[in-house]
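Below is one structure, written out as structure tokens; the observations come after it.
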Amino acid sequence: MIHIKTPQEIEEFKAAGSLSKTVLRRAGRMVRPGVTTREIDQMVESFIRLHGAVPGFKGLYGFPASICASVNEEIVHGIPSDRMLVDGDVISIDTGATIGGWVGDNAWTFFVGTPAPETKALCEVTLDCLKAGIEQAVPGNHIGDIGHAVQTLAEKHGFGVVREYVGHGVGHVMHEDPNVPNFGKKGRGVKLQAGMVIAIEPMITLGTYRNHTLANGWTVVTNDGKPAAHYENTVAITKDGPVILTEDPDGPWCPFQGGV
């Protein structure tokens, strides 16, 4: 069932979205060689709770941490650990906060030092895919228009588009209807209407989009071991166009580079 939010509810939603993006930016600033993903997770949980909110991921379906920390070939759902980041890595950090009964959800891929040129290109294109998907989030369009925009741009550059993991509706819980795939055909799928709130989150790979889950039951990795990138914003569909609820308080987009 798709839950339509009123304009007032969308305004209330912004607190969760803003906190989710603020803590994501803070997580990105910690990204540098020698830092562990567990240290980032601990900061995120403390920051969210300090602001009267609850980490959206911790305990969700049994997930053990407050962030998903996916490094290099890890696409999504990486579990924070004592693994130290090293120069040349990329890390996708997914954060979410619940406050006032609403859930914010967003993700970004950050550089650890200097990534390989092809990995940097992957991240840049994936960010462009996010922007292209958001542009299609207007009343009268369809879910397939979002997926088509993402898929067309990613494949134009020779990158893979993950099929098994998709965006989703967001509201009082992290995952609501409808699913929002990163592939599709124009004019297909659920028709978009004002008041829908969805998470648009391209998951794009340098090589094959085929993947598998590690023995921990969570971490999804590329079959060929090549890097992946993941960007996400929570977006409200309004009569005036898409509104990014996980708006960056310091500007419209997070930086790639950690430590800034």
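Residues are named by chain letter and number: chains run A, B, ... in the order of the structure tokens, numbers start at 1 in each chain, and ligands are numbered from 1 in the order shown.
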Can you build me a table of segment 143-219 of chain A residues sitting at most 12 Å from segment 65-83 of chain A, with the closest atom pair per residue and its distance in Å to one decimal, using only C-alpha atoms, sorted by chain and residue number, as CSV?
```
residue,atom,partner,partner_atom,distance
A:Gly160,CA,A:Ile75,CA,11.6
A:Val161,CA,A:Ile75,CA,10.9
A:Val162,CA,A:Ile75,CA,8.8
A:Arg163,CA,A:Ile75,CA,11.7
A:Glu164,CA,A:Val76,CA,11.0
A:Tyr165,CA,A:Val76,CA,8.6
A:Val166,CA,A:Val76,CA,10.7
A:Glu201,CA,A:Val76,CA,10.8
A:Pro202,CA,A:Ile75,CA,10.5
A:Met203,CA,A:Ile75,CA,6.9
A:Ile204,CA,A:Ile75,CA,8.1
A:Thr205,CA,A:Ile75,CA,7.9
A:Leu206,CA,A:Glu73,CA,9.1
A:Gly207,CA,A:Glu73,CA,9.9
A:Thr208,CA,A:Glu73,CA,10.8
A:Tyr209,CA,A:Ile75,CA,9.6
A:Arg210,CA,A:Ile75,CA,10.5
A:Asn211,CA,A:Ile75,CA,8.5
A:His212,CA,A:Ile75,CA,9.7
A:Thr213,CA,A:Glu74,CA,9.4
A:Leu214,CA,A:Glu74,CA,9.6
A:Ala215,CA,A:Gly78,CA,11.9
A:Asn216,CA,A:Ile79,CA,8.8
A:Gly217,CA,A:His77,CA,9.4
A:Trp218,CA,A:His77,CA,5.6
A:Thr219,CA,A:Gly78,CA,4.7
```
For the selection you just gave me, I'd like the residues written to a file as a short mmCIF file (atom, residue, chain, number, x, y, z; two decimals), in the first residue's frame, keeping C-alpha atoms.
```
data_model
loop_
_atom_site.label_atom_id
_atom_site.label_comp_id
_atom_site.auth_asym_id
_atom_site.auth_seq_id
_atom_site.Cartn_x
_atom_site.Cartn_y
_atom_site.Cartn_z
CA GLY A 160 26.42 -2.32 -14.50
CA VAL A 161 23.03 -1.67 -12.87
CA VAL A 162 22.20 -3.85 -9.85
CA ARG A 163 18.81 -5.56 -10.23
CA GLU A 164 18.20 -7.29 -6.91
CA TYR A 165 18.35 -4.20 -4.68
CA VAL A 166 16.19 -1.16 -5.32
CA GLU A 201 19.28 5.04 -4.78
CA PRO A 202 21.35 4.00 -7.80
CA MET A 203 23.67 1.06 -7.09
CA ILE A 204 26.07 0.91 -10.01
CA THR A 205 29.07 -1.36 -10.62
CA LEU A 206 32.33 -0.97 -12.51
CA GLY A 207 31.98 -4.45 -13.99
CA THR A 208 29.21 -7.00 -13.79
CA TYR A 209 26.04 -6.16 -11.90
CA ARG A 210 25.79 -9.78 -10.79
CA ASN A 211 26.39 -10.23 -7.10
CA HIS A 212 26.16 -12.49 -4.08
CA THR A 213 25.79 -12.19 -0.31
CA LEU A 214 28.65 -13.05 2.02
CA ALA A 215 28.41 -15.64 4.78
CA ASN A 216 27.48 -12.95 7.32
CA GLY A 217 24.06 -12.88 5.65
CA TRP A 218 24.18 -9.15 4.91
CA THR A 219 27.05 -7.84 2.83
#
```
Can you check which residues of segment 176-255 of chain A DSSP gives as strand (DSSP E or B) on the backbone and send them as a ChimeraX atom specification? /A:176-180,191,197-200,203-205,211-213,220-222,228-230,232-238,241-244
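You will find atom CA of Val235 of chain A at 24.7 Å from atom CA of Val220 of chain A.
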Within 12 Å of Phe57 of chain A using only C-alpha atoms, minus same-chain residues under 6 positions, as a ChimeraX atom specification: /A:20,41,44-45,48,63-69,77-79,93-98,103-106,173-175
Keeping only C-alpha atoms, write those residues as a PDB file, in the first residue's frame.
```pdb
ATOM      1  CA  SER A  20      20.169  11.946   8.224  1.00  0.00           C
ATOM      2  CA  ASP A  41      29.454   3.737  13.028  1.00  0.00           C
ATOM      3  CA  VAL A  44      26.939   8.150  13.770  1.00  0.00           C
ATOM      4  CA  GLU A  45      24.965   6.372  16.476  1.00  0.00           C
ATOM      5  CA  ILE A  48      21.847  10.626  16.094  1.00  0.00           C
ATOM      6  CA  PHE A  63      20.974  -5.502  11.191  1.00  0.00           C
ATOM      7  CA  PRO A  64      23.647  -5.042  13.894  1.00  0.00           C
ATOM      8  CA  ALA A  65      24.833  -1.469  13.270  1.00  0.00           C
ATOM      9  CA  SER A  66      23.729   2.133  12.747  1.00  0.00           C
ATOM     10  CA  ILE A  67      25.278   2.509   9.297  1.00  0.00           C
ATOM     11  CA  CYS A  68      25.882   0.328   6.296  1.00  0.00           C
ATOM     12  CA  ALA A  69      29.583   0.667   5.442  1.00  0.00           C
ATOM     13  CA  HIS A  77      24.743  -3.696   3.613  1.00  0.00           C
ATOM     14  CA  GLY A  78      28.378  -3.778   4.671  1.00  0.00           C
ATOM     15  CA  ILE A  79      28.680  -4.343   8.429  1.00  0.00           C
ATOM     16  CA  ILE A  93      27.973   4.912   3.763  1.00  0.00           C
ATOM     17  CA  ASP A  94      24.216   4.587   4.252  1.00  0.00           C
ATOM     18  CA  THR A  95      22.708   6.479   7.188  1.00  0.00           C
ATOM     19  CA  GLY A  96      19.177   6.957   8.450  1.00  0.00           C
ATOM     20  CA  ALA A  97      17.554   8.629  11.433  1.00  0.00           C
ATOM     21  CA  THR A  98      14.043   8.388  12.833  1.00  0.00           C
ATOM     22  CA  VAL A 103      12.456   8.142   8.756  1.00  0.00           C
ATOM     23  CA  GLY A 104      15.252   9.746   6.742  1.00  0.00           C
ATOM     24  CA  ASP A 105      17.365   7.571   4.464  1.00  0.00           C
ATOM     25  CA  ASN A 106      20.399   8.510   2.367  1.00  0.00           C
ATOM     26  CA  VAL A 173       8.985   3.063   8.510  1.00  0.00           C
ATOM     27  CA  MET A 174      12.166   2.654   6.483  1.00  0.00           C
ATOM     28  CA  HIS A 175      10.650   0.600   3.695  1.00  0.00           C
TER      29      HIS A 175
END
```
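Residues of segment 30-110 of chain A that DSSP places in alpha helix (DSSP H), based on the backbone of this structure, are Met30, Thr37, Arg38, Glu39, Ile40, Asp41, Gln42, Met43, Val44, Glu45, Ser46, Phe47, Ile48, Arg49 and Leu50 of chain A.
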